[in-house]
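Shown below: input.pdb, with PDB, C-alpha atoms.
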```pdb
MODEL        1
ATOM      1  CA  MET X   1     -10.823  15.515  -8.302
ATOM      2  CA  VAL X   2      -9.055  18.150  -6.226
ATOM      3  CA  VAL X   3      -5.501  17.626  -4.925
ATOM      4  CA  HIS X   4      -4.593  19.417  -1.679
ATOM      5  CA  LYS X   5      -0.979  19.598  -0.505
ATOM      6  CA  LEU X   6      -0.131  19.780   3.193
ATOM      7  CA  THR X   7       3.301  20.038   4.792
ATOM      8  CA  LEU X   8       2.739  18.968   8.363
ATOM      9  CA  GLY X   9       5.764  20.289  10.165
ATOM     10  CA  THR X  10       8.250  17.450  10.402
ATOM     11  CA  GLN X  11      11.866  18.491  10.147
ATOM     12  CA  PHE X  12      12.147  16.701   6.804
ATOM     13  CA  GLN X  13       9.136  18.560   5.374
ATOM     14  CA  ALA X  14       7.461  15.500   3.882
ATOM     15  CA  ASN X  15       4.471  16.287   1.706
ATOM     16  CA  CYS X  16       1.008  14.978   2.515
ATOM     17  CA  TYR X  17      -1.588  15.006  -0.249
ATOM     18  CA  VAL X  18      -5.362  14.820   0.097
ATOM     19  CA  LEU X  19      -7.562  13.820  -2.824
ATOM     20  CA  GLU X  20     -11.092  15.228  -2.592
ATOM     21  CA  ASN X  21     -13.926  14.046  -4.809
ATOM     22  CA  ASP X  22     -17.296  15.661  -5.506
ATOM     23  CA  LYS X  23     -18.890  13.626  -2.691
ATOM     24  CA  LYS X  24     -16.587  15.296  -0.133
ATOM     25  CA  GLU X  25     -14.810  12.010   0.399
ATOM     26  CA  ALA X  26     -11.059  12.113   0.865
ATOM     27  CA  LEU X  27      -8.045   9.893   0.376
ATOM     28  CA  ALA X  28      -4.709  10.825   1.968
ATOM     29  CA  ILE X  29      -1.233  10.018   0.709
ATOM     30  CA  ASP X  30       1.452   9.962   3.440
ATOM     31  CA  ILE X  31       0.548  11.647   6.740
ATOM     32  CA  GLY X  32       4.041  12.175   8.065
ATOM     33  CA  GLY X  33       3.533  15.030  10.481
ATOM     34  CA  ASP X  34       1.113  16.578  12.945
ATOM     35  CA  SER X  35      -2.079  14.506  13.087
ATOM     36  CA  SER X  36      -4.006  17.320  14.802
ATOM     37  CA  GLU X  37      -3.184  19.722  11.982
ATOM     38  CA  PHE X  38      -4.337  17.143   9.445
ATOM     39  CA  LEU X  39      -7.585  16.473  11.289
ATOM     40  CA  LYS X  40      -8.282  20.209  11.522
ATOM     41  CA  PHE X  41      -7.899  20.423   7.745
ATOM     42  CA  ILE X  42     -10.345  17.543   7.217
ATOM     43  CA  GLU X  43     -12.887  19.101   9.585
ATOM     44  CA  LYS X  44     -12.524  22.614   8.151
ATOM     45  CA  ASN X  45     -13.161  21.325   4.639
ATOM     46  CA  ASN X  46     -16.018  19.022   5.730
ATOM     47  CA  LEU X  47     -14.293  15.947   4.308
ATOM     48  CA  ARG X  48     -14.794  12.285   5.173
ATOM     49  CA  LEU X  49     -11.463  10.455   5.065
ATOM     50  CA  THR X  50     -11.875   6.873   3.857
ATOM     51  CA  LYS X  51      -8.357   5.738   2.965
ATOM     52  CA  ILE X  52      -4.713   6.478   3.780
ATOM     53  CA  ILE X  53      -2.174   5.167   1.268
ATOM     54  CA  LEU X  54       1.550   5.161   1.973
ATOM     55  CA  THR X  55       4.298   5.509  -0.612
ATOM     56  CA  HIS X  56       6.813   3.763   1.658
ATOM     57  CA  GLY X  57       7.595   2.949   5.269
ATOM     58  CA  HIS X  58       9.888   5.706   6.505
ATOM     59  CA  TYR X  59       8.554   7.410   9.618
ATOM     60  CA  ASP X  60       8.575  10.909   8.141
ATOM     61  CA  HIS X  61       5.798   9.658   5.856
ATOM     62  CA  PHE X  62       3.579   7.930   8.432
ATOM     63  CA  ARG X  63       4.185   9.641  11.805
ATOM     64  CA  GLY X  64       0.582  10.924  12.014
ATOM     65  CA  VAL X  65      -1.149   7.896  10.507
ATOM     66  CA  ALA X  66      -2.020   5.956  13.674
ATOM     67  CA  ASP X  67      -3.864   8.883  15.291
ATOM     68  CA  VAL X  68      -5.662   9.851  12.085
ATOM     69  CA  ALA X  69      -6.738   6.272  11.382
ATOM     70  CA  ASP X  70      -8.088   5.945  14.930
ATOM     71  CA  ALA X  71     -10.010   9.209  14.633
ATOM     72  CA  THR X  72     -11.506   8.565  11.196
ATOM     73  CA  ASN X  73     -11.590   4.760  10.790
ATOM     74  CA  ALA X  74      -9.767   5.237   7.498
ATOM     75  CA  GLU X  75      -8.171   2.113   6.021
ATOM     76  CA  VAL X  76      -4.365   2.180   5.705
ATOM     77  CA  PHE X  77      -2.514   0.677   2.723
ATOM     78  CA  ILE X  78       1.200  -0.038   2.235
ATOM     79  CA  HIS X  79       3.236  -2.258  -0.081
ATOM     80  CA  LYS X  80       3.965  -5.647   1.436
ATOM     81  CA  ASP X  81       7.745  -5.151   1.286
ATOM     82  CA  ASP X  82       7.602  -2.125   3.607
ATOM     83  CA  ALA X  83       4.787  -3.302   5.891
ATOM     84  CA  ALA X  84       7.124  -4.350   8.710
ATOM     85  CA  MET X  85       8.323  -0.757   9.034
ATOM     86  CA  LEU X  86       4.933   0.376  10.345
ATOM     87  CA  THR X  87       5.504  -1.376  13.671
ATOM     88  CA  SER X  88       9.279  -0.964  13.982
ATOM     89  CA  ALA X  89      10.977   2.232  15.104
ATOM     90  CA  GLU X  90      14.293   0.806  13.946
ATOM     91  CA  LYS X  91      13.213  -0.280  10.458
ATOM     92  CA  SER X  92      11.252   2.919   9.835
ATOM     93  CA  LEU X  93      14.219   5.070  10.969
ATOM     94  CA  ALA X  94      11.905   6.737  13.481
ATOM     95  CA  PHE X  95      14.663   7.518  15.975
ATOM     96  CA  GLN X  96      16.639   9.317  13.273
ATOM     97  CA  ILE X  97      13.592  11.281  12.151
ATOM     98  CA  SER X  98      11.795  12.243  15.351
ATOM     99  CA  ASN X  99      12.478  12.611  19.080
ATOM    100  CA  GLU X 100       8.832  11.910  19.861
ATOM    101  CA  VAL X 101       7.386   8.631  21.091
ATOM    102  CA  PHE X 102       7.084   6.180  18.196
ATOM    103  CA  SER X 103       3.478   5.670  17.043
ATOM    104  CA  PRO X 104       3.192   2.283  15.300
ATOM    105  CA  VAL X 105       0.456   1.513  12.812
ATOM    106  CA  GLY X 106      -0.895  -1.877  13.789
ATOM    107  CA  LYS X 107      -3.838  -2.174  11.423
ATOM    108  CA  TYR X 108      -3.209  -1.972   7.690
ATOM    109  CA  THR X 109      -3.767  -3.688   4.350
ATOM    110  CA  VAL X 110      -0.803  -4.785   2.255
ATOM    111  CA  VAL X 111      -0.797  -4.233  -1.507
ATOM    112  CA  THR X 112       1.322  -5.245  -4.481
ATOM    113  CA  GLU X 113       1.674  -3.852  -7.973
ATOM    114  CA  ASP X 114      -1.153  -6.016  -9.296
ATOM    115  CA  ASP X 115      -3.677  -4.484  -6.889
ATOM    116  CA  ILE X 116      -6.040  -1.567  -7.488
ATOM    117  CA  ILE X 117      -7.243   0.591  -4.602
ATOM    118  CA  ASP X 118     -10.798   1.838  -5.104
ATOM    119  CA  PHE X 119     -11.462   5.412  -4.080
ATOM    120  CA  SER X 120     -15.230   5.759  -4.354
ATOM    121  CA  GLY X 121     -15.234   4.331  -7.889
ATOM    122  CA  GLU X 122     -11.952   5.983  -8.916
ATOM    123  CA  PRO X 123      -9.152   3.430  -9.376
ATOM    124  CA  VAL X 124      -5.790   4.120  -7.765
ATOM    125  CA  ARG X 125      -3.076   2.191  -9.580
ATOM    126  CA  ILE X 126       0.019   0.928  -7.787
ATOM    127  CA  VAL X 127       3.422   1.053  -9.503
ATOM    128  CA  HIS X 128       6.108  -0.723  -7.480
ATOM    129  CA  THR X 129       9.262   1.416  -7.612
ATOM    130  CA  PRO X 130      11.868  -0.020  -5.215
ATOM    131  CA  GLY X 131      15.210   1.662  -4.662
ATOM    132  CA  HIS X 132      14.665   4.183  -1.889
ATOM    133  CA  THR X 133      13.104   1.345   0.114
ATOM    134  CA  PRO X 134      12.186  -2.190  -1.008
ATOM    135  CA  GLY X 135       8.460  -1.374  -0.890
ATOM    136  CA  CYS X 136       8.449   2.095  -2.411
ATOM    137  CA  VAL X 137       5.524   2.698  -4.740
ATOM    138  CA  CYS X 138       4.069   5.413  -6.918
ATOM    139  CA  TYR X 139       0.300   5.816  -7.036
ATOM    140  CA  ILE X 140      -1.566   6.878 -10.167
ATOM    141  CA  CYS X 141      -5.073   8.303  -9.951
ATOM    142  CA  GLY X 142      -6.391   9.854 -13.154
ATOM    143  CA  ASP X 143      -3.612  12.030 -14.552
ATOM    144  CA  ASN X 144      -1.959  12.421 -11.138
ATOM    145  CA  MET X 145       1.113  10.498 -10.006
ATOM    146  CA  PHE X 146       2.180  10.503  -6.361
ATOM    147  CA  SER X 147       5.836   9.535  -6.529
ATOM    148  CA  GLY X 148       6.831   9.445  -2.855
ATOM    149  CA  ASP X 149      10.603   9.384  -2.471
ATOM    150  CA  THR X 150      11.251   7.710  -5.815
ATOM    151  CA  LEU X 151      11.104  10.723  -8.137
ATOM    152  CA  PHE X 152      11.579  14.390  -7.253
ATOM    153  CA  ARG X 153      11.750  17.459  -9.462
ATOM    154  CA  MET X 154      15.164  17.105 -11.153
ATOM    155  CA  SER X 155      16.280  14.530  -8.600
ATOM    156  CA  ILE X 156      15.544  11.124  -7.048
ATOM    157  CA  GLY X 157      15.284   9.586  -3.611
ATOM    158  CA  ARG X 158      18.264   8.592  -1.500
ATOM    159  CA  THR X 159      19.595   5.066  -1.833
ATOM    160  CA  ASP X 160      22.196   5.159   0.952
ATOM    161  CA  LEU X 161      19.745   4.328   3.743
ATOM    162  CA  PRO X 162      19.011   0.756   4.917
ATOM    163  CA  GLY X 163      17.157  -1.104   2.171
ATOM    164  CA  GLY X 164      18.173   1.398  -0.481
ATOM    165  CA  ASP X 165      19.555   0.230  -3.818
ATOM    166  CA  TYR X 166      20.755   2.548  -6.577
ATOM    167  CA  SER X 167      20.413   0.014  -9.404
ATOM    168  CA  GLN X 168      16.846  -0.700  -8.312
ATOM    169  CA  ILE X 169      15.822   2.953  -8.303
ATOM    170  CA  ILE X 170      17.295   3.422 -11.776
ATOM    171  CA  ASN X 171      15.214   0.469 -12.986
ATOM    172  CA  SER X 172      12.181   2.004 -11.279
ATOM    173  CA  LEU X 173      12.792   5.277 -13.127
ATOM    174  CA  LYS X 174      12.925   3.315 -16.399
ATOM    175  CA  LYS X 175       9.504   1.923 -15.510
ATOM    176  CA  LEU X 176       8.149   5.441 -14.954
ATOM    177  CA  LYS X 177       9.766   6.631 -18.169
ATOM    178  CA  ALA X 178       7.940   3.898 -20.070
ATOM    179  CA  LEU X 179       4.648   5.165 -18.646
ATOM    180  CA  GLY X 180       5.454   8.583 -20.104
ATOM    181  CA  LYS X 181       5.486   7.263 -23.651
ATOM    182  CA  ASP X 182       1.696   7.157 -23.789
ATOM    183  CA  ALA X 183       0.617   9.807 -21.270
ATOM    184  CA  ASP X 184       1.808  12.687 -19.154
ATOM    185  CA  TYR X 185       1.137  12.943 -15.440
ATOM    186  CA  HIS X 186       1.164  15.664 -12.846
ATOM    187  CA  VAL X 187       3.833  14.400 -10.436
ATOM    188  CA  TYR X 188       3.464  15.075  -6.714
ATOM    189  CA  PRO X 189       6.666  14.006  -4.897
ATOM    190  CA  GLY X 190       7.185  13.201  -1.244
ATOM    191  CA  HIS X 191       9.282  16.329  -0.729
ATOM    192  CA  GLU X 192       9.514  19.768  -2.299
ATOM    193  CA  GLY X 193       7.543  20.954  -5.336
ATOM    194  CA  SER X 194       5.458  19.260  -7.996
ATOM    195  CA  THR X 195       6.464  18.609 -11.583
ATOM    196  CA  SER X 196       5.331  16.590 -14.595
ATOM    197  CA  LEU X 197       6.495  13.225 -15.859
ATOM    198  CA  LYS X 198       7.295  14.592 -19.334
ATOM    199  CA  PHE X 199       9.416  17.353 -17.807
ATOM    200  CA  GLU X 200      11.382  14.848 -15.740
ATOM    201  CA  ILE X 201      11.883  12.510 -18.689
ATOM    202  CA  ASN X 202      13.287  15.366 -20.737
ATOM    203  CA  ASN X 203      15.290  17.142 -18.026
ATOM    204  CA  ASN X 204      16.023  14.962 -15.003
ATOM    205  CA  PRO X 205      19.557  13.580 -15.442
ATOM    206  CA  TYR X 206      18.633  10.349 -13.676
ATOM    207  CA  MET X 207      15.935   9.584 -16.252
ATOM    208  CA  ARG X 208      18.108   9.980 -19.340
TER     209      ARG X 208
ENDMDL
END
```
What is this file in structure tokens?
Amino acid sequence: MVVHKLTLGTQFQANCYVLENDKKEALAIDIGGDSSEFLKFIEKNNLRLTKIILTHGHYDHFRGVADVADATNAEVFIHKDDAAMLTSAEKSLAFQISNEVFSPVGKYTVVTEDDIIDFSGEPVRIVHTPGHTPGCVCYICGDNMFSGDTLFRMSIGRTDLPGGDYSQIINSLKKLKALGKDADYHVYPGHEGSTSLKFEINNNPYMR
């Protein structure tokens, strides 16, 4: 499994990740920027996008999803507690994030923590980590964790936006810390650089 990182040009520099398997199938995590740039990447690398999974419902993480889903017929997944954001410029904070016309995502599948998303035989596990938003999740695929805006390198996501809750995000970090007792993960956050779960457990002040 190959992990590609794209930063698609939004002012908040949200990360988009593309998982590529040996069949040239692809799964995308958070397409928050330029859909044309994303589609050029898929075409250049001869990939077939089958799924788009969203870590949460803020617009800087799904701005390009509607166009990409239309172009590729990829299935979109989001936690049920953030699903309403995909069709609401107000709830998704779209007007604070972008001056462009809001592009709602009308077709999607809701998930909860008990669900497993199948990526061509590779299970993608959902860990519900509310705090930044009510429906924030981390996705685990193999030894990779895609932490969205829950966990950053030496930091955590904001909790001062609508739906944010500091006590919830601290409890979510405790959940991630418990996962680190038995295994380490490469952590790919929604913004800035990657890290590892063990490093964050040992060094991130919010996880102590």
Using only C-alpha atoms, which residues sit within 8 Å of X:Val65 once same-chain residues fewer than 2 positions away are excluded, as a short mmCIF file (atom, residue, chain, number, x, y, z; two decimals) with C-alpha atoms, in the frame of the given file?
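Dumped to out-v3.cif:
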```cif
data_model
loop_
_atom_site.label_atom_id
_atom_site.label_comp_id
_atom_site.auth_asym_id
_atom_site.auth_seq_id
_atom_site.Cartn_x
_atom_site.Cartn_y
_atom_site.Cartn_z
CA ASP X 30 1.45 9.96 3.44
CA ILE X 31 0.55 11.65 6.74
CA GLY X 32 4.04 12.18 8.06
CA SER X 35 -2.08 14.51 13.09
CA ILE X 52 -4.71 6.48 3.78
CA PHE X 62 3.58 7.93 8.43
CA ARG X 63 4.18 9.64 11.80
CA ASP X 67 -3.86 8.88 15.29
CA VAL X 68 -5.66 9.85 12.08
CA ALA X 69 -6.74 6.27 11.38
CA VAL X 105 0.46 1.51 12.81
#
```
* To do: Specify as a PyMOL selection string each residue included when the PyMOL selection byres ((chain X and resi 192-202) around 9) is applied to this file.
  => chain X and resi 13-15+145+151-155+176-177+179-181+183-191+203-208
* **Resolved residues for the PyMOL selection byres ((chain X and resi 57) around 8) as a list in words** =>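 For this structure, the PyMOL selection byres ((chain X and resi 57) around 8) resolves to Leu54, Thr55, His56, His58, Tyr59, His61, Phe62, Ile78, Asp82, Ala83, Met85, Leu86, Ser92, Thr133, Gly135 and Cys136 of chain X.
Checking X:Val127, X:Ile156, X:Leu161, X:Ile42 one by one against X:Ala26, counting only C-alpha atoms, you find the shortest gap at X:Ile42.
With all atoms listed in the file as the basis for measurement, X:Ser103 is the residue among X:Thr7, X:Asn171, X:Ser103, X:Thr50 that approaches X:Ser88 most closely.
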* To do: Work out how far apart atom CA of X:Thr109 and atom CA of X:Phe77 are and give it in Å to one decimal.
  => 4.8 Å
* To do: Excluding stretch 4-6 of chain X and any residue of its chain fewer than 2 positions from it, enumerate the residues within 6 Å of it, using only C-alpha atoms, and give them as a VMD selection string.
  => chain X and resid 8 15 to 18
* Can you work out which one of X:Ser147, X:Asn21, X:Thr159, X:Thr87 has the shortest atom-to-atom distance to X:Tyr108, counting all atoms listed in the file? => X:Thr87
Centre, x/y/z edge lengths, axis-aligned box for stretch 51-59 of chain X with 3 Å per side, as JSON:
```
{"center_x": 0.8, "center_y": 5.2, "center_z": 4.5, "size_x": 24.2, "size_y": 10.5, "size_z": 16.2}
```
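One distance worth recording is that between atom CA of X:Lys23 and atom CA of X:Glu113, which is 27.5 Å.
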* Which one is closest to X:Gly148: X:Asp60, X:Asp115, X:Asp22, X:Asp34? Count all atoms listed in the file. ->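 Using all atoms listed in the file, the shortest distance to X:Gly148 belongs to X:Asp60.
If you look at atom CA of X:Lys44 and atom CA of X:Asp118, they are 24.7 Å away from each other.
Residues matched by the PyMOL selection byres ((chain X and resi 111) around 6) in this file are Ile78, His79, Lys80, Val110 and Thr112 of chain X.
For the residues X:Leu39, X:Met1, X:Ile169, X:Val76, ranking by smallest atom-to-atom distance to X:Pro134 using all atoms listed in the file places X:Ile169 first.
With all atoms listed in the file as the atoms that count, the minimum distance from X:Val101 to the choices X:Gly64, X:Glu122, X:Lys24, X:Asn45 is reached by X:Gly64.
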